[in-house]
file protein02.csv (CSV, C-alpha atoms and all ligand atoms)
chain,number,residue,atom,x,y,z
A,1,MET,CA,-8.5,7.0,-78.2
A,2,ALA,CA,-6.5,10.0,-79.3
A,3,PRO,CA,-2.9,10.0,-77.8
A,4,HIS,CA,-3.4,13.3,-75.9
A,5,ARG,CA,-6.6,11.9,-74.4
A,6,ARG,CA,-4.9,8.8,-73.3
A,7,GLU,CA,-2.1,10.8,-71.8
A,8,ASN,CA,-4.6,12.9,-69.9
A,9,ALA,CA,-6.4,9.9,-68.6
A,10,HIS,CA,-3.1,8.4,-67.6
A,11,ARG,CA,-2.1,11.6,-65.7
A,12,PHE,CA,-5.6,11.6,-64.1
A,13,TYR,CA,-5.2,8.0,-62.9
A,14,ASN,CA,-1.7,8.8,-61.6
A,15,VAL,CA,-2.9,11.8,-59.7
A,16,SER,CA,-5.9,9.9,-58.3
A,17,ALA,CA,-3.6,7.0,-57.2
A,18,VAL,CA,-1.3,9.5,-55.4
A,19,ARG,CA,-4.4,11.1,-53.8
A,20,VAL,CA,-5.8,7.7,-52.7
A,21,ALA,CA,-2.4,6.7,-51.3
A,22,THR,CA,-2.0,10.0,-49.4
A,23,LEU,CA,-5.6,9.6,-48.2
A,24,ASP,CA,-4.7,6.1,-47.0
A,25,ILE,CA,-1.7,7.3,-45.1
A,26,VAL,CA,-3.7,10.1,-43.5
A,27,LEU,CA,-6.4,7.6,-42.6
A,28,ILE,CA,-4.0,5.1,-41.2
A,29,PHE,CA,-2.3,7.9,-39.2
A,30,GLN,CA,-5.7,9.2,-37.9
A,31,PHE,CA,-6.7,5.6,-37.0
A,32,GLY,CA,-3.4,5.0,-35.1
A,33,ALA,CA,-3.8,8.4,-33.3
A,34,ALA,CA,-7.4,7.5,-32.4
A,35,ILE,CA,-6.3,4.1,-31.0
A,36,ILE,CA,-3.5,5.7,-28.9
A,37,ILE,CA,-5.9,8.4,-27.6
A,38,ALA,CA,-8.5,5.8,-26.8
A,39,LEU,CA,-6.0,3.6,-24.9
A,40,PHE,CA,-4.7,6.6,-23.0
A,41,VAL,CA,-8.3,7.6,-22.1
A,42,ALA,CA,-9.2,4.0,-21.2
A,43,TYR,CA,-6.1,3.5,-19.0
A,44,ASN,CA,-6.6,6.8,-17.2
A,45,SER,CA,-10.3,6.1,-16.7
A,46,PHE,CA,-9.4,2.8,-15.2
A,47,HIS,CA,-7.2,4.5,-12.7
A,48,TYR,CA,-9.9,7.0,-11.9
A,49,VAL,CA,-12.3,4.1,-11.3
A,50,LEU,CA,-9.8,2.6,-8.9
A,51,PHE,CA,-9.4,6.0,-7.3
A,52,LEU,CA,-13.2,6.3,-6.7
A,53,LEU,CA,-13.3,2.8,-5.3
A,54,VAL,CA,-10.5,3.4,-2.9
A,55,THR,CA,-11.8,6.8,-1.7
A,56,GLN,CA,-15.2,5.4,-1.1
A,57,PRO,CA,-14.5,2.4,1.0
A,58,LYS,CA,-17.3,-0.1,2.0
A,59,ASP,CA,-18.8,-0.6,5.4
A,60,ALA,CA,-16.9,-3.4,7.1
A,61,SER,CA,-19.8,-4.8,9.2
A,62,LYS,CA,-19.9,-7.9,7.1
A,63,ILE,CA,-16.3,-8.9,7.4
A,64,GLY,CA,-13.8,-9.5,10.2
A,65,HIS,CA,-16.0,-11.7,12.4
A,66,GLN,CA,-13.7,-14.7,12.2
A,67,LEU,CA,-10.3,-15.7,11.0
A,68,ASN,CA,-9.7,-18.7,8.8
A,69,GLN,CA,-7.1,-21.3,9.6
A,70,PHE,CA,-4.5,-19.7,7.3
A,71,GLU,CA,-4.9,-16.3,8.8
A,72,GLN,CA,-4.5,-17.8,12.3
A,73,ARG,CA,-1.4,-19.7,11.2
A,74,GLN,CA,0.0,-16.5,9.6
A,75,LEU,CA,-0.2,-14.7,12.9
A,76,VAL,CA,2.0,-17.3,14.5
A,77,GLU,CA,4.3,-18.4,11.6
A,78,TRP,CA,4.8,-15.2,9.7
A,79,THR,CA,5.2,-12.6,12.4
A,80,PRO,CA,8.5,-10.8,11.7
A,81,GLN,CA,11.2,-11.4,14.3
A,82,PRO,CA,13.5,-8.8,15.8
A,83,ASN,CA,16.4,-10.4,13.8
A,84,ASP,CA,14.5,-9.8,10.5
A,85,PHE,CA,15.3,-6.1,11.0
A,86,LEU,CA,15.3,-4.5,7.6
A,87,LYS,CA,15.7,-7.8,5.9
A,88,HIS,CA,14.4,-7.3,2.4
A,89,ASP,CA,15.5,-10.3,0.3
A,90,ASP,CA,17.2,-13.6,0.6
A,91,GLU,CA,20.7,-12.0,0.3
A,92,LYS,CA,20.0,-10.4,3.7
A,93,ARG,CA,20.4,-6.9,2.4
A,94,THR,CA,18.9,-4.1,4.5
A,95,TYR,CA,16.1,-1.9,3.3
A,96,ASP,CA,18.7,0.8,2.5
A,97,ASP,CA,21.0,-1.6,0.7
A,98,VAL,CA,18.2,-2.5,-1.5
A,99,PHE,CA,16.4,0.7,-2.1
A,100,GLY,CA,19.0,3.4,-1.3
A,101,THR,CA,20.7,3.0,-4.7
A,102,TYR,CA,17.9,3.7,-7.1
A,103,ARG,CA,15.0,5.6,-5.6
A,104,ASP,CA,15.3,9.3,-6.1
A,105,GLU,CA,14.3,11.5,-3.2
A,106,GLN,CA,10.8,12.3,-4.6
A,107,ALA,CA,9.9,8.7,-5.2
A,108,ASN,CA,7.6,6.8,-2.8
A,109,TYR,CA,8.4,3.3,-1.7
A,110,SER,CA,5.0,1.7,-1.9
A,111,THR,CA,3.6,-0.2,-4.8
A,112,CYS,CA,0.2,1.2,-4.7
A,113,VAL,CA,-0.8,4.9,-4.6
A,114,PHE,CA,-3.9,6.0,-6.4
A,115,PRO,CA,-4.4,7.4,-8.8
A,116,ARG,CA,-1.2,7.3,-10.8
A,117,ALA,CA,-2.9,8.7,-13.8
A,118,ALA,CA,-1.9,11.8,-15.7
A,119,PHE,CA,-2.8,15.2,-14.2
A,120,THR,CA,-3.2,13.9,-10.6
A,121,CYS,CA,-1.2,13.8,-7.4
A,122,PRO,CA,-0.1,10.4,-6.1
A,123,TYR,CA,-1.4,10.9,-2.6
A,124,GLU,CA,-4.7,12.5,-3.5
A,125,ALA,CA,-6.6,9.3,-2.3
A,126,GLU,CA,-4.9,9.5,1.1
A,127,TYR,CA,-5.8,13.2,1.3
A,128,VAL,CA,-9.5,12.4,0.6
A,129,LEU,CA,-9.5,9.5,3.1
A,130,LEU,CA,-7.7,11.3,6.0
A,131,LYS,CA,-9.5,14.6,5.5
A,132,PRO,CA,-6.7,16.7,7.1
A,133,LYS,CA,-7.7,20.1,8.4
A,134,ASP,CA,-5.6,23.1,9.3
A,135,GLY,CA,-4.2,22.7,12.8
A,136,MET,CA,-4.4,18.9,12.9
A,137,ARG,CA,-1.6,16.6,13.9
A,138,LEU,CA,-0.8,13.5,11.9
A,139,LEU,CA,1.4,10.5,12.4
A,140,ASP,CA,3.0,8.5,9.5
A,141,LEU,CA,4.2,5.0,10.6
A,142,GLY,CA,6.8,3.7,8.2
A,143,CYS,CA,7.2,6.9,6.3
A,144,GLY,CA,9.7,5.9,3.6
A,145,SER,CA,11.0,9.0,1.8
A,146,GLY,CA,8.2,11.1,3.4
A,147,ALA,CA,6.4,11.6,0.0
A,148,ALA,CA,2.9,11.2,1.5
A,149,ALA,CA,3.7,13.5,4.5
A,150,GLU,CA,5.2,16.2,2.3
A,151,TYR,CA,2.1,16.1,0.0
A,152,LEU,CA,-0.4,16.3,2.9
A,153,ALA,CA,1.5,19.1,4.6
A,154,SER,CA,1.7,21.0,1.4
A,155,ARG,CA,-2.1,20.9,1.1
A,156,ARG,CA,-3.0,21.9,4.7
A,157,ASN,CA,-1.4,23.7,7.6
A,158,ILE,CA,-0.9,20.5,9.5
A,159,GLU,CA,1.9,19.0,11.7
A,160,ILE,CA,3.2,15.6,10.7
A,161,VAL,CA,5.4,13.3,12.7
A,162,CYS,CA,7.0,10.6,10.6
A,163,VAL,CA,8.5,7.4,11.9
A,164,THR,CA,11.0,5.2,10.1
A,165,ASN,CA,13.6,2.7,11.2
A,166,SER,CA,16.0,4.0,8.5
A,167,SER,CA,18.3,6.9,9.1
A,168,VAL,CA,18.9,7.3,5.3
A,169,GLN,CA,15.1,7.8,4.8
A,170,ALA,CA,15.0,10.1,7.8
A,171,ASP,CA,17.7,12.3,6.1
A,172,ILE,CA,15.6,12.4,2.9
A,173,CYS,CA,12.6,13.4,4.9
A,174,ARG,CA,14.4,16.1,6.8
A,175,ARG,CA,15.6,17.7,3.6
A,176,LYS,CA,12.1,17.7,2.2
A,177,PHE,CA,10.5,19.0,5.4
A,178,ALA,CA,13.0,21.9,5.7
A,179,LYS,CA,10.5,24.0,3.7
A,180,LEU,CA,7.6,23.2,6.1
A,181,GLY,CA,8.9,25.5,8.8
A,182,GLY,CA,9.0,23.0,11.6
A,183,ARG,CA,5.6,21.3,10.7
A,184,GLY,CA,7.3,18.1,9.7
A,185,GLN,CA,9.3,16.0,12.2
A,186,VAL,CA,11.1,12.6,11.8
A,187,ILE,CA,11.7,10.0,14.5
A,188,VAL,CA,14.1,7.2,13.7
A,189,THR,CA,13.0,4.2,15.7
A,190,ASP,CA,11.4,0.8,15.5
A,191,PHE,CA,7.7,1.6,15.5
A,192,ASP,CA,7.2,-1.4,17.7
A,193,SER,CA,8.8,0.5,20.5
A,194,LEU,CA,7.3,3.9,19.8
A,195,ASP,CA,6.4,5.8,22.9
A,196,LEU,CA,4.4,8.9,22.2
A,197,PRO,CA,1.7,10.5,24.4
A,198,SER,CA,-1.9,9.3,24.4
A,199,GLU,CA,-4.6,11.1,22.4
A,200,ASN,CA,-2.0,13.1,20.5
A,201,PHE,CA,-3.0,12.7,16.9
A,202,ASP,CA,-6.0,13.4,14.7
A,203,ALA,CA,-5.0,10.8,12.2
A,204,ILE,CA,-2.5,8.0,11.9
A,205,TYR,CA,-1.6,6.3,8.7
A,206,ALA,CA,0.6,3.4,7.6
A,207,LEU,CA,1.1,2.8,3.9
A,208,GLU,CA,2.6,-0.6,3.2
A,209,SER,CA,4.4,-0.8,6.5
A,210,ILE,CA,2.1,-2.5,9.0
A,211,GLY,CA,3.3,-5.9,7.8
A,212,TYR,CA,6.7,-5.2,9.4
A,213,THR,CA,5.3,-5.1,12.9
A,214,LYS,CA,6.5,-7.8,15.3
A,215,ASP,CA,3.4,-7.4,17.4
A,216,LEU,CA,0.2,-6.6,15.5
A,217,ASP,CA,-2.0,-6.4,18.5
A,218,ALA,CA,0.3,-4.0,20.4
A,219,TRP,CA,0.8,-1.9,17.2
A,220,LEU,CA,-2.9,-1.4,16.7
A,221,ALA,CA,-3.5,-0.8,20.4
A,222,ARG,CA,-0.8,1.8,20.4
A,223,CYS,CA,-2.5,3.6,17.4
A,224,TRP,CA,-5.8,3.5,19.4
A,225,ARG,CA,-4.1,5.0,22.4
A,226,MET,CA,-2.3,7.8,20.4
A,227,LEU,CA,-5.4,8.8,18.5
A,228,LYS,CA,-7.7,11.5,19.8
A,229,PRO,CA,-11.4,10.5,20.0
A,230,GLY,CA,-12.8,11.0,16.5
A,231,GLY,CA,-9.4,10.3,15.0
A,232,ARG,CA,-8.8,8.2,11.9
A,233,LEU,CA,-6.5,5.3,11.3
A,234,LEU,CA,-5.7,4.5,7.7
A,235,ILE,CA,-3.9,1.4,6.7
A,236,ARG,CA,-2.9,0.2,3.3
A,237,SER,CA,-1.4,-3.2,2.9
A,238,PRO,CA,-1.0,-5.7,0.1
A,239,GLY,CA,-2.2,-9.3,0.1
A,240,SER,CA,-4.3,-11.3,2.5
A,241,LEU,CA,-5.3,-14.9,3.3
A,242,ASP,CA,-9.0,-14.5,4.0
A,243,HIS,CA,-9.8,-16.2,0.7
A,244,CYS,CA,-7.1,-18.8,0.9
A,245,ARG,CA,-8.7,-22.2,0.8
A,246,ARG,CA,-5.8,-24.5,-0.1
A,247,LYS,CA,-2.7,-25.5,1.9
A,248,GLU,CA,-0.6,-25.3,-1.4
A,249,ASP,CA,-1.5,-21.7,-1.8
A,250,TYR,CA,-0.6,-20.8,1.8
A,251,LEU,CA,2.8,-22.6,1.3
A,252,SER,CA,3.5,-20.9,-2.0
A,253,VAL,CA,3.0,-17.5,-0.4
A,254,THR,CA,5.2,-18.6,2.4
A,255,ALA,CA,8.0,-18.6,-0.2
A,256,PHE,CA,7.4,-15.0,-0.8
A,257,PHE,CA,7.5,-14.3,2.9
A,258,GLU,CA,10.8,-16.2,3.3
A,259,ASN,CA,12.4,-13.7,0.9
A,260,TRP,CA,10.7,-10.6,2.2
A,261,ARG,CA,9.6,-10.4,5.8
A,262,TYR,CA,6.4,-8.6,5.2
A,263,ASN,CA,3.3,-10.1,6.7
A,264,PHE,CA,0.2,-9.8,4.4
A,265,VAL,CA,-2.2,-8.3,6.8
A,266,GLY,CA,-5.5,-8.3,5.0
A,267,ALA,CA,-8.7,-6.4,5.5
A,268,ASN,CA,-10.5,-9.2,7.3
A,269,LEU,CA,-7.7,-9.6,9.8
A,270,LEU,CA,-7.4,-5.9,10.4
A,271,VAL,CA,-11.2,-5.4,10.8
A,272,TYR,CA,-11.3,-8.4,13.2
A,273,LYS,CA,-8.7,-6.8,15.5
A,274,MET,CA,-9.8,-3.2,15.1
A,275,ARG,CA,-13.4,-4.0,16.0
A,276,ARG,CA,-12.2,-5.6,19.3
A,277,LEU,CA,-10.3,-2.4,20.1
A,278,GLY,CA,-13.5,-0.4,19.7
A,279,PHE,CA,-12.9,1.3,16.3
A,280,ASP,CA,-16.2,2.3,14.8
A,281,PRO,CA,-17.1,2.8,12.0
A,282,ILE,CA,-14.6,0.7,10.0
A,283,ARG,CA,-14.5,0.9,6.3
A,284,TYR,CA,-12.5,-1.1,3.8
A,285,ARG,CA,-11.8,-1.6,0.1
A,286,ARG,CA,-10.1,-4.6,-1.5
A,287,LEU,CA,-8.8,-4.3,-5.0
A,288,PRO,CA,-7.8,-7.5,-6.7
A,289,PHE,CA,-4.2,-8.1,-7.7
A,290,TRP,CA,-5.1,-8.1,-11.4
A,291,ALA,CA,-6.4,-4.5,-11.1
A,292,TRP,CA,-3.7,-3.2,-8.8
A,293,GLY,CA,-1.0,-5.0,-10.9
A,294,VAL,CA,-1.8,-3.1,-14.1
A,295,THR,CA,-1.6,0.3,-12.5
A,296,TRP,CA,1.3,2.4,-13.7
A,297,ASN,CA,2.8,2.7,-10.2
A,298,PHE,CA,2.9,-1.1,-9.8
A,299,ILE,CA,4.4,-1.6,-13.2
A,300,GLN,CA,7.1,0.9,-12.5
A,301,HIS,CA,8.0,-0.9,-9.2
A,302,LEU,CA,7.9,-4.3,-10.9
A,303,LEU,CA,10.4,-3.2,-13.5
A,304,LEU,CA,12.7,-1.5,-11.0
A,305,TRP,CA,12.6,-4.3,-8.5
A,306,LYS,CA,13.0,-7.1,-11.0
A,307,TYR,CA,15.4,-5.7,-13.6
A,308,ARG,CA,17.4,-3.1,-11.7
A,309,LEU,CA,17.5,-4.6,-8.2
A,310,LYS,CA,17.1,-8.2,-9.4
A,311,MET,CA,15.3,-8.9,-6.2
A,312,ARG,CA,14.7,-12.5,-5.6
A,313,THR,CA,11.3,-11.7,-4.2
A,314,PHE,CA,10.1,-10.6,-7.6
A,315,VAL,CA,11.7,-13.4,-9.5
A,316,GLU,CA,10.0,-15.8,-7.0
A,317,LEU,CA,6.7,-14.0,-7.5
A,318,GLU,CA,6.5,-15.4,-11.0
A,319,ARG,CA,7.1,-18.9,-9.8
A,320,ILE,CA,4.6,-18.4,-7.0
A,321,ILE,CA,2.0,-17.3,-9.5
A,322,TRP,CA,2.8,-20.3,-11.7
A,323,ARG,CA,2.6,-22.8,-8.8
A,324,THR,CA,-0.4,-21.3,-7.0
A,325,SER,CA,-4.1,-21.2,-7.9
A,326,LYS,CA,-4.5,-18.3,-10.3
A,327,VAL,CA,-7.8,-17.5,-8.7
A,328,PHE,CA,-6.0,-17.1,-5.4
A,329,VAL,CA,-3.2,-15.0,-6.8
A,330,PHE,CA,-5.1,-12.7,-9.1
A,331,GLY,CA,-7.9,-12.3,-6.7
A,332,ASN,CA,-5.5,-11.6,-3.8
A,333,PRO,CA,-6.3,-8.0,-2.8
A,334,TYR,CA,-4.6,-4.8,-2.1
A,335,ASN,CA,-6.3,-3.6,1.1
A,336,THR,CA,-7.3,-0.2,2.3
A,337,VAL,CA,-8.8,0.0,5.8
A,338,LEU,CA,-10.1,3.2,7.4
A,339,ALA,CA,-11.1,3.1,11.0
A,340,THR,CA,-12.4,5.8,13.3
A,341,LYS,CA,-11.9,6.0,17.0
A,342,PRO,CA,-15.4,7.0,18.2
A,343,GLU,CA,-15.8,10.5,19.7
A,344,THR,CA,-17.3,8.8,22.7
A,345,ALA,CA,-14.5,6.1,23.0
A,346,SER,CA,-15.2,4.7,26.4
A,347,ARG,CA,-12.6,3.3,28.7
A,348,SER,CA,-14.4,-0.1,28.7
A,349,HIS,CA,-13.4,-0.5,25.1
A,350,GLN,CA,-9.7,0.0,25.9
A,351,THR,CA,-8.8,-3.3,27.5
A,352,LEU,CA,-6.3,-4.3,24.9
A,353,ALA,CA,-5.4,-0.7,24.0
A,354,PHE,CA,-4.2,0.0,27.5
A,355,CYS,CA,-1.9,-3.0,27.6
A,356,GLU,CA,0.9,-2.6,25.2
A,357,VAL,CA,4.5,-3.3,25.1
A,358,VAL,CA,6.7,-0.2,24.8
A,359,GLY,CA,10.3,-1.3,24.7
A,360,GLY,CA,9.6,-4.2,27.0
A,361,VAL,CA,7.5,-2.1,29.5
A,362,VAL,CA,3.8,-2.8,29.8
A,363,GLU,CA,1.6,0.3,29.9
A,364,ILE,CA,-1.6,-0.4,31.8
A,365,ASP,CA,-4.2,2.0,32.7
A,366,SER,CA,-6.6,1.6,35.6
A,367,VAL,CA,-9.0,-0.9,34.0
A,368,PRO,CA,-9.8,-4.3,35.3
A,369,LEU,CA,-7.4,-6.9,33.9
A,370,SER,CA,-9.1,-8.9,31.2
A,371,GLY,CA,-8.0,-12.4,30.2
A,372,ARG,CA,-6.2,-10.9,27.2
A,373,VAL,CA,-4.3,-8.4,29.3
A,374,GLN,CA,-3.3,-11.1,31.8
A,375,GLU,CA,-2.2,-13.2,28.9
A,376,ALA,CA,-0.1,-10.3,27.5
A,377,LEU,CA,1.5,-9.9,30.9
A,378,ARG,CA,2.4,-13.5,31.1
A,379,ARG,CA,3.9,-13.3,27.6
A,380,ILE,CA,6.1,-10.4,28.7
A,381,GLU,CA,7.2,-12.0,31.9
A,382,ALA,CA,8.2,-15.0,29.9
A,383,ARG,CA,10.6,-13.0,27.8
A,401,LIG,C1,7.2,-0.2,1.7
A,401,LIG,S1,7.9,1.1,2.6
A,401,LIG,C2,6.5,2.2,2.5
A,401,LIG,C3,7.0,3.6,2.8
A,401,LIG,C4,6.0,4.7,2.7
A,401,LIG,N1,4.9,4.5,3.6
A,401,LIG,C5,5.6,4.9,1.3
A,401,LIG,O1,4.4,4.7,1.0
A,401,LIG,O2,6.4,5.3,0.4
A,401,LIG,C6,7.9,0.5,4.3
A,401,LIG,C7,8.4,1.5,5.3
A,401,LIG,O3,8.3,1.0,6.6
A,401,LIG,C8,9.5,1.2,7.3
A,401,LIG,N2,9.7,0.3,8.4
A,401,LIG,C9,9.8,-1.1,8.3
A,401,LIG,N3,9.8,-1.6,9.5
A,401,LIG,C10,9.8,-0.6,10.4
A,401,LIG,C11,9.8,-0.6,11.8
A,401,LIG,N4,10.0,-1.7,12.5
A,401,LIG,N5,9.8,0.6,12.4
A,401,LIG,C12,9.6,1.8,11.7
A,401,LIG,N6,9.6,1.8,10.3
A,401,LIG,C13,9.7,0.6,9.7
A,401,LIG,C14,10.6,1.1,6.2
A,401,LIG,O4,11.8,1.7,6.6
A,401,LIG,C15,9.9,1.9,5.1
A,401,LIG,O5,10.0,3.2,5.3

call {"tool": "encode", "arguments": {"input": "protein02.csv", "output": "structure tokens"}}
result
Amino acid sequence: MAPHRRENAHRFYNVSAVRVATLDIVLIFQFGAAIIIALFVAYNSFHYVLFLLVTQPKDASKIGHQLNQFEQRQLVEWTPQPNDFLKHDDEKRTYDDVFGTYRDEQANYSTCVFPRAAFTCPYEAEYVLLKPKDGMRLLDLGCGSGAAAEYLASRRNIEIVCVTNSSVQADICRRKFAKLGGRGQVIVTDFDSLDLPSENFDAIYALESIGYTKDLDAWLARCWRMLKPGGRLLIRSPGSLDHCRRKEDYLSVTAFFENWRYNFVGANLLVYKMRRLGFDPIRYRRLPFWAWGVTWNFIQHLLLWKYRLKMRTFVELERIIWRTSKVFVFGNPYNTVLATKPETASRSHQTLAFCEVVGGVVEIDSVPLSGRVQEALRRIEAR
């Protein structure tokens, strides 16, 4: 081959090689970008599926007819005591000691709000479930930093009363509610001694706080009493024992409870108690831990709690998962329960509802005393 031809061919190959290399880089780049976009879309779609499941809870007529032995034991052995007040880990730090230092005023305190995907509001699911309308009155039991209340009140012209046992949280709420023109109020008290008028609220909600009650029956009965007929009660709470089958699993979870006095009140247990009060319909949704655990909101909490707070509870959680049946732990649900007080709520349904302890005083309306009421009276007299 003539030298100039060889030179041309060589230049041609060099140019082609550069082109191929450039093309390769572009392709790799495009491929990488496609993977990132696909992951982003998949992760967000996953959150939307969770959102849809939570906002369309199932009819609860098939659950809550009986409690298994572990649920029964839990009610006796795990009920928080008055001296557990604000206990949040084994170092006996208060809620404010633990959380005050790192949560900014906008942040919520609960591990599970849906959806936490891009372009959505964290409390959209609660908004869909509670259906607040202008002029309604809502009650938030265990309100944290008031994030949910602020969101709901920003969407509708409603009044919200928030209850917390933390004055630090109450100050945060008050700062937030300043712009609501008197529509947001905060009460600092133990919700177990809350004494508000009957049939006063269109909706009551408790997001990851019901497990702190020292008297679940009285807590639910109080909600029933404070709700107007047709009113809604929304509860979100992690964990439950309705599918616990082994003593070892129950004991493992007890270790968690020792560090953090939160009682895992599951859907089965709640439906069981709500039905007896007369709530109807009751709807629920259980999301397994594996699904809830990979949501962005949970991952954020996990990192914060474990690495910044170094909370023993979360260090223990890993050991619990290791020791316990994986089926039990990963299937353990995050519960959403939505119950309605019927429009026609009759007084005959209110046996338990009319007997509740308010700061040591029993409120009883003029209904014949049932066995349960008498039993409650005996309990109070014994105190
Ligand atoms: C896990 S946080 C959830 C806060 C809020 N609902 C949220 O979603 O961000 C639990 C809340 O319940 C409150 N709490 C715990 N025990 C309480 C009690 N006995 N009376 C009133 N509030 C209580 C805590 O102070 C805290 O605000």

call {"tool": "closest_residue", "arguments": {"input": "protein02.csv", "among": "A:Tyr205, A:Tyr127, A:Phe46, A:Phe12", "to": "ligand LIG 401 (chain A)", "atoms": "all atoms listed in the file"}}
result
A:Tyr205

call {"tool": "atom_distance", "arguments": {"input": "protein02.csv", "atom1": "atom CA of Thr324 of chain A", "atom2": "atom CA of Glu248 of chain A"}}
result
6.9 Å

call {"tool": "closest_residue", "arguments": {"input": "protein02.csv", "among": "A:Ala149, A:Ala206, A:Cys173, A:Ile158", "to": "ligand LIG 401 (chain A)", "atoms": "all atoms listed in the file"}}
result
A:Ala206

call {"tool": "residues_near_ligand", "arguments": {"input": "protein02.csv", "ligand": "ligand LIG 401 (chain A)", "cutoff": "6 Å", "atoms": "all atoms listed in the file", "output": "ChimeraX atom specification"}}
result
/A:108-110,142-144,163-166,189-192,206-209,212-213

call {"tool": "write_last_selection", "arguments": {"input": "protein02.csv", "atoms": "C-alpha atoms", "output": "tab-separated table (two decimals), in the coordinates of the input"}}
result
chain	number	residue	atom	x	y	z
A	108	ASN	CA	7.60	6.80	-2.80
A	109	TYR	CA	8.40	3.30	-1.70
A	110	SER	CA	5.00	1.70	-1.90
A	142	GLY	CA	6.80	3.70	8.20
A	143	CYS	CA	7.20	6.90	6.30
A	144	GLY	CA	9.70	5.90	3.60
A	163	VAL	CA	8.50	7.40	11.90
A	164	THR	CA	11.00	5.20	10.10
A	165	ASN	CA	13.60	2.70	11.20
A	166	SER	CA	16.00	4.00	8.50
A	189	THR	CA	13.00	4.20	15.70
A	190	ASP	CA	11.40	0.80	15.50
A	191	PHE	CA	7.70	1.60	15.50
A	192	ASP	CA	7.20	-1.40	17.70
A	206	ALA	CA	0.60	3.40	7.60
A	207	LEU	CA	1.10	2.80	3.90
A	208	GLU	CA	2.60	-0.60	3.20
A	209	SER	CA	4.40	-0.80	6.50
A	212	TYR	CA	6.70	-5.20	9.40
A	213	THR	CA	5.30	-5.10	12.90

call {"tool": "residues_around", "arguments": {"input": "protein02.csv", "residues": "Met136 of chain A", "least_positions_apart": "4", "cutoff": "9 Å", "atoms": "all atoms listed in the file", "output": "PyMOL selection string"}}
result
chain A and resi 132+156-160+201-203

call {"tool": "atom_distance", "arguments": {"input": "protein02.csv", "atom1": "atom CA of Leu152 of chain A", "atom2": "atom CA of Leu139 of chain A"}}
result
11.3 Å

call {"tool": "residues_around", "arguments": {"input": "protein02.csv", "residues": "Asn68 of chain A", "least_positions_apart": "6", "cutoff": "10 Å", "atoms": "only C-alpha atoms", "output": "short mmCIF file (atom, residue, chain, number, x, y, z; two decimals) with C-alpha atoms, in the frame of the given file"}}
result
data_model
loop_
_atom_site.label_atom_id
_atom_site.label_comp_id
_atom_site.auth_asym_id
_atom_site.auth_seq_id
_atom_site.Cartn_x
_atom_site.Cartn_y
_atom_site.Cartn_z
CA GLN A 74 0.00 -16.50 9.60
CA LEU A 241 -5.30 -14.90 3.30
CA ASP A 242 -9.00 -14.50 4.00
CA HIS A 243 -9.80 -16.20 0.70
CA CYS A 244 -7.10 -18.80 0.90
CA ARG A 245 -8.70 -22.20 0.80
CA ASN A 268 -10.50 -9.20 7.30
CA LEU A 269 -7.70 -9.60 9.80
#

call {"tool": "closest_residue", "arguments": {"input": "protein02.csv", "among": "A:Trp219, A:Phe40, A:Phe257, A:Trp305", "to": "Leu270 of chain A", "atoms": "only C-alpha atoms"}}
result
A:Trp219

call {"tool": "atom_distance", "arguments": {"input": "protein02.csv", "atom1": "atom CA of Arg246 of chain A", "atom2": "atom CA of Thr336 of chain A"}}
result
24.5 Å

call {"tool": "closest_residue", "arguments": {"input": "protein02.csv", "among": "A:Ile282, A:Leu129, A:Val265, A:Ala345", "to": "Arg225 of chain A", "atoms": "all atoms listed in the file"}}
result
A:Ala345

call {"tool": "residues_near_point", "arguments": {"input": "protein02.csv", "point": "(-1.9, -19.6, 1.3)", "cutoff": "12 Å", "atoms": "only C-alpha atoms", "output": "JSON, numbers by chain"}}
result
{"A": [68, 69, 70, 71, 72, 73, 74, 78, 239, 240, 241, 242, 243, 244, 245, 246, 247, 248, 249, 250, 251, 252, 253, 254, 255, 256, 257, 264, 320, 321, 323, 324, 325, 326, 327, 328, 329, 332]}

call {"tool": "write_last_selection", "arguments": {"input": "protein02.csv", "atoms": "C-alpha atoms", "output": "compact mmCIF listing (two decimals), in the frame of the given file"}}
result
# COMPACT_ATOMS: atom_id res chain seq x y z
CA ASN A 68 -9.70 -18.70 8.80
CA GLN A 69 -7.10 -21.30 9.60
CA PHE A 70 -4.50 -19.70 7.30
CA GLU A 71 -4.90 -16.30 8.80
CA GLN A 72 -4.50 -17.80 12.30
CA ARG A 73 -1.40 -19.70 11.20
CA GLN A 74 0.00 -16.50 9.60
CA TRP A 78 4.80 -15.20 9.70
CA GLY A 239 -2.20 -9.30 0.10
CA SER A 240 -4.30 -11.30 2.50
CA LEU A 241 -5.30 -14.90 3.30
CA ASP A 242 -9.00 -14.50 4.00
CA HIS A 243 -9.80 -16.20 0.70
CA CYS A 244 -7.10 -18.80 0.90
CA ARG A 245 -8.70 -22.20 0.80
CA ARG A 246 -5.80 -24.50 -0.10
CA LYS A 247 -2.70 -25.50 1.90
CA GLU A 248 -0.60 -25.30 -1.40
CA ASP A 249 -1.50 -21.70 -1.80
CA TYR A 250 -0.60 -20.80 1.80
CA LEU A 251 2.80 -22.60 1.30
CA SER A 252 3.50 -20.90 -2.00
CA VAL A 253 3.00 -17.50 -0.40
CA THR A 254 5.20 -18.60 2.40
CA ALA A 255 8.00 -18.60 -0.20
CA PHE A 256 7.40 -15.00 -0.80
CA PHE A 257 7.50 -14.30 2.90
CA PHE A 264 0.20 -9.80 4.40
CA ILE A 320 4.60 -18.40 -7.00
CA ILE A 321 2.00 -17.30 -9.50
CA ARG A 323 2.60 -22.80 -8.80
CA THR A 324 -0.40 -21.30 -7.00
CA SER A 325 -4.10 -21.20 -7.90
CA LYS A 326 -4.50 -18.30 -10.30
CA VAL A 327 -7.80 -17.50 -8.70
CA PHE A 328 -6.00 -17.10 -5.40
CA VAL A 329 -3.20 -15.00 -6.80
CA ASN A 332 -5.50 -11.60 -3.80
